[in-house]
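run-v4.tsv follows; it contains TSV, C-alpha atoms.
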```tsv
chain	number	residue	atom	x	y	z
A	1463	MET	CA	-17.84	10.62	69.98
A	1464	ASN	CA	-17.42	10.40	73.72
A	1465	ILE	CA	-18.50	13.90	74.80
A	1466	GLY	CA	-18.06	15.45	78.23
A	1467	ILE	CA	-20.22	18.42	79.21
A	1468	LEU	CA	-18.86	20.61	81.99
A	1469	THR	CA	-21.53	22.72	83.64
A	1470	SER	CA	-22.34	24.35	86.95
A	1471	SER	CA	-26.08	23.95	86.40
A	1472	PHE	CA	-27.86	20.65	86.01
A	1473	PRO	CA	-31.17	19.36	87.45
A	1474	ALA	CA	-30.86	16.68	90.11
A	1475	ASN	CA	-34.29	15.38	89.13
A	1476	SER	CA	-37.48	16.42	87.37
A	1477	ASN	CA	-38.58	18.49	90.39
A	1478	ASP	CA	-35.35	20.52	90.59
A	1479	ALA	CA	-36.79	23.76	89.24
A	1480	ARG	CA	-33.80	25.84	90.38
A	1481	ALA	CA	-31.70	24.62	87.47
A	1482	THR	CA	-33.47	26.46	84.63
A	1483	ALA	CA	-30.32	26.70	82.49
A	1484	GLY	CA	-29.51	23.14	83.53
A	1485	LEU	CA	-32.76	21.91	81.97
A	1486	PHE	CA	-31.53	23.25	78.65
A	1487	VAL	CA	-28.15	21.50	79.21
A	1488	ARG	CA	-29.97	18.22	79.85
A	1489	ASP	CA	-32.09	18.53	76.70
A	1490	PHE	CA	-29.04	19.44	74.60
A	1491	ALA	CA	-27.20	16.40	75.99
A	1492	LEU	CA	-30.17	14.17	75.18
A	1493	ALA	CA	-30.23	15.51	71.61
A	1494	LEU	CA	-26.53	14.58	71.23
A	1495	SER	CA	-27.23	11.16	72.71
A	1496	ASN	CA	-30.13	10.63	70.29
A	1497	ALA	CA	-27.68	11.42	67.47
A	1498	GLY	CA	-25.59	8.41	68.53
A	1499	HIS	CA	-22.95	9.98	70.79
A	1500	ALA	CA	-21.97	9.01	74.32
A	1501	VAL	CA	-22.51	11.95	76.69
A	1502	ARG	CA	-21.37	12.44	80.28
A	1503	ILE	CA	-22.28	15.47	82.37
A	1504	ILE	CA	-19.71	16.63	84.94
A	1505	VAL	CA	-21.28	18.94	87.53
A	1506	PRO	CA	-20.55	20.10	91.11
A	1507	GLU	CA	-22.60	18.42	93.85
A	1508	LYS	CA	-25.55	20.51	95.08
A	1509	ASN	CA	-26.93	18.35	97.91
A	1510	VAL	CA	-30.41	19.82	97.39
A	1511	PHE	CA	-32.56	17.11	95.85
A	1512	PRO	CA	-32.30	13.32	95.52
A	1513	LYS	CA	-30.64	12.34	92.24
A	1514	GLU	CA	-32.45	10.50	89.50
A	1515	THR	CA	-30.98	8.96	86.37
A	1516	THR	CA	-31.60	10.45	82.94
A	1517	PRO	CA	-31.89	7.73	80.28
A	1518	GLY	CA	-29.37	8.30	77.49
A	1519	ILE	CA	-26.81	10.32	79.47
A	1520	SER	CA	-24.50	9.75	82.44
A	1521	VAL	CA	-23.97	12.29	85.22
A	1522	THR	CA	-20.99	12.62	87.54
A	1523	TRP	CA	-21.54	14.83	90.59
A	1524	PHE	CA	-18.24	15.84	92.18
A	1525	PRO	CA	-17.93	17.24	95.74
A	1526	TRP	CA	-16.77	20.80	96.44
A	1527	LEU	CA	-16.82	23.20	99.37
A	1528	GLY	CA	-19.77	25.22	98.06
A	1529	GLY	CA	-22.42	22.57	98.69
A	1530	LYS	CA	-25.82	24.21	98.16
A	1531	LYS	CA	-24.34	27.59	97.20
A	1532	ARG	CA	-25.33	28.94	93.79
A	1533	LEU	CA	-22.34	30.09	91.76
A	1534	SER	CA	-24.37	32.95	90.30
A	1535	TYR	CA	-24.55	34.53	93.77
A	1536	MET	CA	-20.87	34.13	94.62
A	1537	LYS	CA	-18.47	37.06	94.74
A	1538	PRO	CA	-14.93	36.04	93.75
A	1539	TYR	CA	-13.46	38.93	95.76
A	1540	TYR	CA	-14.82	37.41	99.01
A	1541	PRO	CA	-12.07	35.11	100.38
A	1542	HIS	CA	-14.47	32.33	101.46
A	1543	HIS	CA	-16.23	32.41	98.08
A	1544	ALA	CA	-12.86	32.34	96.30
A	1545	LEU	CA	-11.90	29.28	98.35
A	1546	MET	CA	-15.12	27.51	97.34
A	1547	MET	CA	-14.50	28.27	93.68
A	1548	LEU	CA	-10.93	27.02	93.96
A	1549	SER	CA	-12.20	23.75	95.44
A	1550	LEU	CA	-14.59	23.43	92.49
A	1551	PHE	CA	-11.71	23.81	90.07
A	1552	ILE	CA	-9.41	21.31	91.84
A	1553	ARG	CA	-12.04	18.64	92.43
A	1554	GLY	CA	-13.60	19.14	89.01
A	1555	MET	CA	-10.21	18.51	87.40
A	1556	ARG	CA	-9.80	15.36	89.47
A	1557	ALA	CA	-13.21	14.07	88.39
A	1558	LEU	CA	-12.45	14.82	84.74
A	1559	ALA	CA	-9.10	13.05	84.86
A	1560	ILE	CA	-10.60	9.90	86.43
A	1561	LEU	CA	-13.35	9.73	83.82
A	1562	HIS	CA	-10.86	10.33	80.99
A	1563	HIS	CA	-8.68	7.44	82.16
A	1564	GLU	CA	-11.73	5.18	82.22
A	1565	LYS	CA	-12.88	6.17	78.73
A	1566	PRO	CA	-11.02	8.96	76.90
A	1567	PHE	CA	-13.06	12.00	75.93
A	1568	ASP	CA	-13.10	13.07	72.28
A	1569	HIS	CA	-14.49	16.52	73.02
A	1570	ILE	CA	-15.44	18.66	76.02
A	1571	ILE	CA	-18.27	21.20	75.95
A	1572	ALA	CA	-17.93	23.91	78.58
A	1573	MET	CA	-21.21	25.43	79.66
A	1574	TRP	CA	-20.14	28.15	80.47
A	1575	ALA	CA	-16.83	30.11	80.23
A	1576	VAL	CA	-16.83	30.32	84.04
A	1577	PRO	CA	-16.27	27.88	85.63
A	1578	GLY	CA	-16.59	25.18	82.94
A	1579	GLY	CA	-14.31	26.86	80.43
A	1580	LEU	CA	-11.54	27.22	83.02
A	1581	LEU	CA	-11.66	23.48	83.66
A	1582	ALA	CA	-11.82	22.64	79.95
A	1583	ALA	CA	-8.81	24.86	79.15
A	1584	ARG	CA	-6.70	23.23	81.84
A	1585	PHE	CA	-7.89	19.77	80.79
A	1586	LYS	CA	-6.90	20.48	77.19
A	1587	GLN	CA	-3.45	21.57	78.36
A	1588	ARG	CA	-2.96	18.29	80.22
A	1589	PHE	CA	-4.69	15.77	77.95
A	1590	HIS	CA	-4.91	17.54	74.55
A	1591	VAL	CA	-8.70	17.13	74.32
A	1592	PRO	CA	-10.39	19.84	72.21
A	1593	TYR	CA	-13.17	21.86	73.77
A	1594	THR	CA	-16.09	24.11	72.96
A	1595	THR	CA	-17.09	27.07	75.12
A	1596	TRP	CA	-20.75	28.08	75.03
A	1597	CYS	CA	-21.01	31.55	76.58
A	1598	LEU	CA	-23.84	32.49	78.91
A	1599	GLY	CA	-24.78	36.08	79.71
A	1600	SER	CA	-23.08	35.99	83.11
A	1601	ASP	CA	-19.74	35.11	81.44
A	1602	ILE	CA	-19.70	38.40	79.58
A	1603	TRP	CA	-22.11	40.83	81.25
A	1604	THR	CA	-21.16	39.92	84.85
A	1605	TYR	CA	-17.64	38.50	84.95
A	1606	GLY	CA	-16.63	40.76	82.08
A	1607	ARG	CA	-17.07	43.80	84.33
A	1608	TYR	CA	-14.09	42.81	86.50
A	1609	PRO	CA	-10.72	43.34	84.74
A	1610	PHE	CA	-9.10	40.23	86.24
A	1611	LEU	CA	-12.05	37.94	85.45
A	1612	ARG	CA	-12.43	39.53	82.02
A	1613	ARG	CA	-8.86	38.47	81.21
A	1614	ILE	CA	-9.65	34.94	82.41
A	1615	VAL	CA	-12.75	34.75	80.19
A	1616	ALA	CA	-10.75	36.09	77.23
A	1617	ASP	CA	-8.08	33.43	77.78
A	1618	VAL	CA	-10.69	30.66	77.95
A	1619	LEU	CA	-12.28	31.82	74.69
A	1620	LYS	CA	-8.95	32.19	72.89
A	1621	LYS	CA	-7.89	28.65	73.80
A	1622	SER	CA	-11.25	27.12	72.86
A	1623	ASP	CA	-11.39	25.12	69.67
A	1624	PHE	CA	-14.93	26.41	69.09
A	1625	ILE	CA	-16.91	29.17	70.77
A	1626	PHE	CA	-20.60	30.01	70.72
A	1627	ALA	CA	-22.92	32.40	72.55
A	1628	ASP	CA	-26.55	32.00	73.50
A	1629	GLY	CA	-27.26	35.53	72.27
A	1630	ILE	CA	-26.44	37.63	69.21
A	1631	ALA	CA	-25.32	40.75	71.11
A	1632	LEU	CA	-23.57	38.48	73.60
A	1633	GLY	CA	-21.59	36.92	70.76
A	1634	LYS	CA	-20.50	40.34	69.55
A	1635	GLU	CA	-19.30	41.28	73.03
A	1636	ALA	CA	-17.50	37.92	73.36
A	1637	GLN	CA	-15.79	38.69	70.05
A	1638	LYS	CA	-14.56	42.01	71.47
A	1639	ILE	CA	-13.12	40.22	74.48
A	1640	SER	CA	-11.52	37.31	72.62
A	1641	GLY	CA	-10.78	38.70	69.16
A	1642	ARG	CA	-12.59	35.68	67.67
A	1643	GLU	CA	-15.91	35.35	65.90
A	1644	CYS	CA	-18.49	33.95	68.32
A	1645	PRO	CA	-21.61	32.74	66.47
A	1646	PHE	CA	-25.06	32.54	68.03
A	1647	LEU	CA	-26.37	29.12	69.05
A	1648	ALA	CA	-29.92	29.16	70.41
A	1649	SER	CA	-30.54	27.74	73.87
A	1650	SER	CA	-33.93	26.42	74.87
A	1651	ARG	CA	-35.44	23.57	76.81
A	1652	LYS	CA	-37.94	21.03	75.58
A	1653	LEU	CA	-41.27	21.39	77.37
A	1654	ASP	CA	-44.30	19.24	76.66
A	1655	PHE	CA	-47.15	21.58	75.76
A	1656	SER	CA	-49.27	18.81	74.26
A	1657	ASN	CA	-51.21	18.55	77.52
A	1658	GLU	CA	-53.35	21.67	77.56
A	1659	ALA	CA	-54.34	21.41	81.23
A	1660	LYS	CA	-54.33	24.87	82.81
A	1661	ALA	CA	-53.39	25.93	86.31
A	1662	PRO	CA	-56.27	27.03	88.55
A	1663	ILE	CA	-55.69	30.79	88.49
A	1664	GLU	CA	-57.50	33.93	89.62
A	1665	LYS	CA	-59.02	34.86	86.27
A	1666	ASN	CA	-59.99	38.40	87.18
A	1667	GLY	CA	-58.88	40.34	84.15
A	1668	PHE	CA	-55.64	39.91	82.21
A	1669	CYS	CA	-53.06	37.54	83.73
A	1670	PHE	CA	-49.29	38.08	83.51
A	1671	LEU	CA	-46.57	35.53	84.26
A	1672	PHE	CA	-42.97	36.03	85.44
A	1673	ILE	CA	-40.51	33.13	85.79
A	1674	GLY	CA	-36.96	33.90	86.90
A	1675	ARG	CA	-34.65	34.67	89.77
A	1676	TYR	CA	-35.76	37.16	92.40
A	1677	ALA	CA	-32.63	39.23	91.85
A	1678	ARG	CA	-32.12	42.87	90.93
A	1679	VAL	CA	-30.75	42.01	87.50
A	1680	LYS	CA	-34.04	40.30	86.61
A	1681	GLY	CA	-36.08	43.46	87.32
A	1682	VAL	CA	-38.79	41.79	89.38
A	1683	ASP	CA	-38.98	44.91	91.61
A	1684	ILE	CA	-39.76	47.00	88.52
A	1685	LEU	CA	-42.50	44.57	87.57
A	1686	ILE	CA	-44.14	44.85	91.01
A	1687	ASP	CA	-44.21	48.65	90.74
A	1688	ALA	CA	-45.61	48.42	87.19
A	1689	MET	CA	-48.30	46.01	88.38
A	1690	ALA	CA	-49.36	48.47	91.07
A	1691	ARG	CA	-49.85	51.11	88.38
A	1692	PHE	CA	-51.68	48.59	86.16
A	1693	VAL	CA	-54.17	47.75	88.93
A	1694	ARG	CA	-54.80	51.42	89.66
A	1695	SER	CA	-55.55	51.98	85.97
A	1696	GLU	CA	-57.49	48.81	85.15
A	1697	GLY	CA	-58.99	47.91	88.51
A	1698	GLN	CA	-58.31	44.23	87.87
A	1699	GLY	CA	-55.66	41.81	86.59
A	1700	HIS	CA	-53.27	39.32	88.18
A	1701	LEU	CA	-49.54	38.68	88.19
A	1702	TYR	CA	-48.02	35.26	88.93
A	1703	LEU	CA	-44.39	35.17	90.01
A	1704	PHE	CA	-42.25	32.02	90.12
A	1705	GLY	CA	-38.62	31.84	91.20
A	1706	GLY	CA	-36.32	32.33	94.14
A	1707	GLY	CA	-33.39	34.43	95.19
A	1708	PRO	CA	-32.10	37.19	97.45
A	1709	LEU	CA	-34.96	39.63	96.83
A	1710	ARG	CA	-37.79	37.30	97.80
A	1711	SER	CA	-38.44	38.83	101.24
A	1712	ASN	CA	-38.17	42.36	99.82
A	1713	ILE	CA	-40.63	41.51	97.05
A	1714	GLU	CA	-43.06	40.02	99.56
A	1715	LYS	CA	-42.91	43.20	101.66
A	1716	ARG	CA	-43.34	45.35	98.55
A	1717	ILE	CA	-46.45	43.43	97.52
A	1718	LYS	CA	-48.03	44.01	100.93
A	1719	HIS	CA	-46.95	47.67	101.05
A	1720	LEU	CA	-48.58	48.35	97.68
A	1721	ASP	CA	-51.74	46.45	98.71
A	1722	LEU	CA	-51.31	43.96	95.86
A	1723	CYS	CA	-51.94	40.73	97.76
A	1724	SER	CA	-55.18	40.11	95.86
A	1725	HIS	CA	-53.49	40.83	92.51
A	1726	VAL	CA	-50.06	39.19	92.85
A	1727	THR	CA	-49.27	35.56	93.68
A	1728	LEU	CA	-45.69	34.96	94.82
A	1729	GLY	CA	-44.49	31.41	94.16
A	1730	GLY	CA	-41.26	29.45	94.47
A	1731	TYR	CA	-39.21	27.74	91.81
A	1732	ALA	CA	-41.45	26.19	89.16
A	1733	ALA	CA	-41.00	22.62	87.95
A	1734	ASN	CA	-41.60	21.89	84.27
A	1735	ASP	CA	-45.23	20.83	84.68
A	1736	THR	CA	-45.95	24.01	86.67
A	1737	VAL	CA	-44.36	26.14	83.96
A	1738	VAL	CA	-46.47	24.44	81.29
A	1739	ARG	CA	-49.77	24.74	83.21
A	1740	PHE	CA	-49.25	28.43	84.06
A	1741	MET	CA	-48.04	29.25	80.54
A	1742	HIS	CA	-51.31	27.78	79.28
A	1743	ALA	CA	-53.39	29.62	81.87
A	1744	CYS	CA	-51.84	33.11	81.75
A	1745	ASP	CA	-52.23	35.60	78.92
A	1746	ALA	CA	-48.69	36.98	78.55
A	1747	VAL	CA	-45.16	36.50	79.85
A	1748	VAL	CA	-43.18	39.46	81.22
A	1749	ILE	CA	-39.35	39.59	81.26
A	1750	PRO	CA	-38.36	42.97	82.81
A	1751	SER	CA	-34.61	42.31	83.15
A	1752	ARG	CA	-32.10	45.11	83.66
A	1753	MET	CA	-29.44	42.94	81.98
A	1754	GLU	CA	-30.03	39.85	79.87
A	1755	SER	CA	-29.05	37.91	76.77
A	1756	ILE	CA	-31.79	35.50	75.72
A	1757	PRO	CA	-33.28	33.82	78.81
A	1758	VAL	CA	-34.72	30.33	78.59
A	1759	VAL	CA	-38.15	31.59	79.65
A	1760	LEU	CA	-38.34	33.61	76.41
A	1761	SER	CA	-38.19	30.45	74.31
A	1762	ASP	CA	-40.60	28.81	76.79
A	1763	ALA	CA	-43.13	31.53	75.99
A	1764	PHE	CA	-42.69	31.03	72.24
A	1765	GLN	CA	-43.22	27.27	72.62
A	1766	ALA	CA	-46.38	28.00	74.61
A	1767	GLN	CA	-47.53	30.41	71.88
A	1768	LYS	CA	-47.72	33.30	74.35
A	1769	PRO	CA	-46.95	36.98	73.64
A	1770	VAL	CA	-44.22	38.62	75.70
A	1771	ILE	CA	-43.36	41.99	77.17
A	1772	VAL	CA	-39.59	42.36	77.43
A	1773	SER	CA	-37.09	45.04	78.36
A	1774	ASP	CA	-34.87	46.26	75.56
A	1775	VAL	CA	-31.64	44.62	76.74
A	1776	GLY	CA	-29.41	42.02	75.14
A	1777	ASP	CA	-31.17	40.49	72.14
A	1778	MET	CA	-34.68	40.33	73.52
A	1779	GLY	CA	-35.85	43.66	72.15
A	1780	ALA	CA	-34.54	43.09	68.63
A	1781	ILE	CA	-35.98	39.58	68.43
A	1782	VAL	CA	-39.43	40.52	69.72
A	1783	LYS	CA	-39.62	43.62	67.50
A	1784	SER	CA	-38.44	41.91	64.31
A	1785	TYR	CA	-40.96	39.09	64.64
A	1786	ASN	CA	-43.76	41.16	66.22
A	1787	ALA	CA	-43.99	38.64	69.05
A	1788	GLY	CA	-44.93	41.14	71.77
A	1789	LEU	CA	-43.96	44.52	73.20
A	1790	VAL	CA	-40.59	46.04	74.10
A	1791	VAL	CA	-39.95	48.62	76.84
A	1792	PRO	CA	-36.89	50.48	78.17
A	1793	ALA	CA	-35.16	48.67	81.04
A	1794	GLY	CA	-35.80	49.98	84.55
A	1795	ASP	CA	-38.92	52.00	83.69
A	1796	PRO	CA	-42.06	50.89	85.59
A	1797	ASP	CA	-44.24	53.52	83.86
A	1798	ALA	CA	-43.28	52.28	80.40
A	1799	LEU	CA	-43.76	48.70	81.52
A	1800	CYS	CA	-47.21	49.49	82.89
A	1801	SER	CA	-48.21	51.18	79.61
A	1802	ALA	CA	-47.10	48.08	77.70
A	1803	MET	CA	-49.06	45.84	80.06
A	1804	ILE	CA	-52.20	47.92	79.50
A	1805	SER	CA	-51.65	47.86	75.74
A	1806	MET	CA	-51.14	44.08	75.80
A	1807	ALA	CA	-54.31	43.59	77.85
A	1808	HIS	CA	-56.34	45.44	75.21
A	1809	SER	CA	-54.67	43.99	72.09
A	1810	PRO	CA	-56.63	41.60	69.86
A	1811	GLU	CA	-55.72	37.99	70.64
A	1812	LYS	CA	-54.29	37.29	67.15
A	1813	THR	CA	-51.94	40.30	67.08
A	1814	TYR	CA	-48.73	38.37	67.76
A	1815	VAL	CA	-49.62	34.83	66.65
A	1816	ALA	CA	-47.67	34.68	63.37
A	1817	GLY	CA	-44.41	35.99	64.84
A	1818	ILE	CA	-44.59	33.73	67.87
A	1819	ARG	CA	-45.12	30.67	65.68
A	1820	LYS	CA	-42.00	31.48	63.64
A	1821	LEU	CA	-39.91	31.98	66.77
A	1822	SER	CA	-41.06	28.69	68.27
A	1823	GLU	CA	-39.48	27.00	65.25
A	1824	GLU	CA	-36.25	29.03	65.58
A	1825	PHE	CA	-35.64	28.09	69.22
A	1826	ASN	CA	-35.39	24.32	68.91
A	1827	ILE	CA	-32.81	22.53	71.07
A	1828	ALA	CA	-32.55	19.55	68.71
A	1829	GLU	CA	-31.66	21.94	65.88
A	1830	SER	CA	-28.97	23.57	68.07
A	1831	ALA	CA	-27.45	20.14	68.71
A	1832	ARG	CA	-27.41	19.37	64.98
A	1833	THR	CA	-25.77	22.73	64.27
A	1834	TRP	CA	-23.07	22.10	66.88
A	1835	LEU	CA	-22.31	18.67	65.44
A	1836	GLU	CA	-22.11	20.02	61.87
A	1837	LEU	CA	-19.73	22.83	62.86
A	1838	THR	CA	-17.42	20.84	65.12
A	1839	GLN	CA	-17.03	17.46	63.41
```

Kindly return the structure encoded in the file as structure tokens.
Amino acid sequence: MNIGILTSSFPANSNDARATAGLFVRDFALALSNAGHAVRIIVPEKNVFPKETTPGISVTWFPWLGGKKRLSYMKPYYPHHALMMLSLFIRGMRALAILHHEKPFDHIIAMWAVPGGLLAARFKQRFHVPYTTWCLGSDIWTYGRYPFLRRIVADVLKKSDFIFADGIALGKEAQKISGRECPFLASSRKLDFSNEAKAPIEKNGFCFLFIGRYARVKGVDILIDAMARFVRSEGQGHLYLFGGGPLRSNIEKRIKHLDLCSHVTLGGYAANDTVVRFMHACDAVVIPSRMESIPVVLSDAFQAQKPVIVSDVGDMGAIVKSYNAGLVVPAGDPDALCSAMISMAHSPEKTYVAGIRKLSEEFNIAESARTWLELTQ
């Protein structure tokens, strides 16, 4: 098949650590390419990093008014943000049409319902090309909160030839919105953990790792408060934070205010090799989100054979509990999170090994690509 993948997130090059979900898109596309299919990625221009080619897939970057803006931070009820999103839709359609005339698409995969699914639905109307919508958490948990956008998401899902969700609970909620069954299809990225080189870290007690956006929904503020309690209790320990976002300056101030500078290292977006080295070096991964489906960093931790502490939102709690791959805490509770961190620090090293090993086999991007091909061909 000639497959087009519509996405708002794709890495410009190997150092573009902002595109965490995009790294999964790239690896999924490569798995389809390795199965013998032609794959083209269609993505809005970011103008952040120099572009590099990815052997096996083609990438078309189309211009829009948003430039470096991240769609996840846009508010559709702001007129200037709405204008940017409209330009993405118009210019994305133009790019799709040009590519289709050059070599007709057999199938379009929209990652995600917004904005990719909107483009795919309109493209199907014009050119009769079937499409798949793969729902991300923001499609349902964020856009689904606004009645107008919820109707748009529902329309995209109803018109899709196939729909999937990257979470079990997310799929159930998508089914409520669309009236259609929305099966779970695991998302993950392929990281090379064969090199066991570790990052040079402050090994003063137990080391925790957070990788994600510095945004309220990700709960990084809760983690800082929990770490302050952990240090008061244990007298040692270190937390490494990697990411970026609107709360960065607030988090930096909070670290200083709580006198955590010697116990917390605040980093920027982490490239793949940085993720691998710190996963090897740290003892556990913490995902304290207030709202979540199944984040990519969860499968990263399983690949690295690391236990996790997660908030009980989306599917994370059920997955971690059922496989005994770590500890689960209520969302938004720094005291409960601190207690879990203390418990993790004193748990025998082999406590979670068996469950983590099973989950590392479950979250395999090549297997997800095979499943998609089997269900859609």

- Task: Select all residues near (-46.5, 36.6, 80.4) (cut-off 9 Å, inclusive, file coordinates), counting all atoms listed in the file, and output them as a PyMOL selection string.
- Result: chain A and resi 1669-1673+1701-1702+1741+1744-1749+1763+1768-1771

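CA of Thr1595 in chain A lies 24.1 Å from CA of Gly1674 in chain A.
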
- Task: Within 12 Å of Gly1817 in chain A, counting all atoms listed in the file, which residues show up once you throw out same-chain ones fewer than 5 positions away? Write them as a VMD selection string, please.
- Result: chain A and resid 1764 to 1765 1767 to 1770 1781 to 1789 1812 1822 to 1824

- If you measure from CA of Leu1527 in chain A to CA of Leu1485 in chain A, what distance in Å do you get, rounded to one decimal? 23.6 Å

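Minimum atom-to-atom distances from A:Ala1616, A:Leu1821, A:Ile1504, A:Val1791 to Pro1750 in chain A were compared using all atoms listed in the file, and the lowest value belongs to A:Val1791.
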
- Looking at A:Ile1713, A:Val1693, A:Leu1653, A:Ala1582, which one is nearest to Thr1736 in chain A, with distances taken over all atoms listed in the file? A:Leu1653

- Considering only C-alpha atoms, state which residue in the set A:His1700, A:Trp1834, A:Asp1797, A:Ile1804 is at the smallest distance from Thr1727 in chain A. A:His1700

- Task: Point out the residue among A:Val1738, A:Phe1668, A:Glu1696, A:Tyr1731 with the least atom-to-atom distance to Glu1811 in chain A, counting only C-alpha atoms.
- Result: A:Phe1668

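Between CA of Ala1572 in chain A and CA of Cys1597 in chain A the separation is 8.5 Å.
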
- Spatial sel., origin (-13.5, 13.9, 75.8), limit 6 Å, all atoms listed in the file, listed as a PyMOL selection string: chain A and resi 1464-1466+1566-1570+1591

Export of the given selection (C-alpha atoms) as a CSV table (one decimal), in the frame of the given file:
```csv
chain,number,residue,atom,x,y,z
A,1464,ASN,CA,-17.4,10.4,73.7
A,1465,ILE,CA,-18.5,13.9,74.8
A,1466,GLY,CA,-18.1,15.4,78.2
A,1566,PRO,CA,-11.0,9.0,76.9
A,1567,PHE,CA,-13.1,12.0,75.9
A,1568,ASP,CA,-13.1,13.1,72.3
A,1569,HIS,CA,-14.5,16.5,73.0
A,1570,ILE,CA,-15.4,18.7,76.0
A,1591,VAL,CA,-8.7,17.1,74.3
```

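Distance check against Ala1802 in chain A using all atoms listed in the file: of A:Arg1532, A:Arg1716, A:Arg1710, A:Arg1691, the minimum falls on A:Arg1691.
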
Any idea what's packed within 7 Å of Trp1526 in chain A, counting all atoms listed in the file, ignoring anything in its chain fewer than 5 positions away? Could you give it as a CSV table (one decimal) with C-alpha atoms, in the coordinates of the input?
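Result written to around_1.csv:
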```
chain,number,residue,atom,x,y,z
A,1506,PRO,CA,-20.6,20.1,91.1
A,1507,GLU,CA,-22.6,18.4,93.8
A,1546,MET,CA,-15.1,27.5,97.3
A,1549,SER,CA,-12.2,23.8,95.4
A,1550,LEU,CA,-14.6,23.4,92.5
A,1553,ARG,CA,-12.0,18.6,92.4
```

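Considering all atoms listed in the file, the residue among A:Cys1723, A:Leu1685, A:Ile1827, A:Met1463 positioned nearest to Ser1751 in chain A is A:Leu1685.
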
- Any idea what's packed within 12 Å of Phe1472 in chain A, counting all atoms listed in the file, ignoring anything in its chain fewer than 5 positions away? Could you give it as a PyMOL selection string? chain A and resi 1467+1477-1491+1502-1508+1510-1511+1513-1514+1516+1520-1523+1532+1573

- Just the residues within 6 Å of Gly1706 in chain A, please, counting all atoms listed in the file, with nothing from its chain fewer than 4 positions along; format it as a ChimeraX atom specification. /A:1675-1676,1730-1731

Any chance you can output those residues with C-alpha atoms as a short mmCIF file (atom, residue, chain, number, x, y, z; two decimals), in the frame of the given file?
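Once written, again-v4.cif looks like this:
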```
data_model
loop_
_atom_site.label_atom_id
_atom_site.label_comp_id
_atom_site.auth_asym_id
_atom_site.auth_seq_id
_atom_site.Cartn_x
_atom_site.Cartn_y
_atom_site.Cartn_z
CA ARG A 1675 -34.65 34.67 89.77
CA TYR A 1676 -35.76 37.16 92.40
CA GLY A 1730 -41.26 29.45 94.47
CA TYR A 1731 -39.21 27.74 91.81
#
```

- Message: Taking 2 positions as the minimum chain separation for residues in the same chain, which residues sit within 10 Å of Pro1577 in chain A when counting all atoms listed in the file? Answer as an MDAnalysis selection string.
- Response: chainID A and resid 1468:1470 1533 1547:1548 1550:1551 1554 1572:1575 1579:1582 1601 1615 1618

For range 1728-1737 of chain A, take all atoms listed in the file, fit an axis-aligned box around them, add 5 Å to each of the six sides, then output centre and edge lengths in Å rounded to one decimal, as lines of an AutoDock Vina configuration file.
```
center_x = -42.6
center_y = 27.9
center_z = 89.4
size_x = 16.7
size_y = 24.1
size_z = 20.9
```
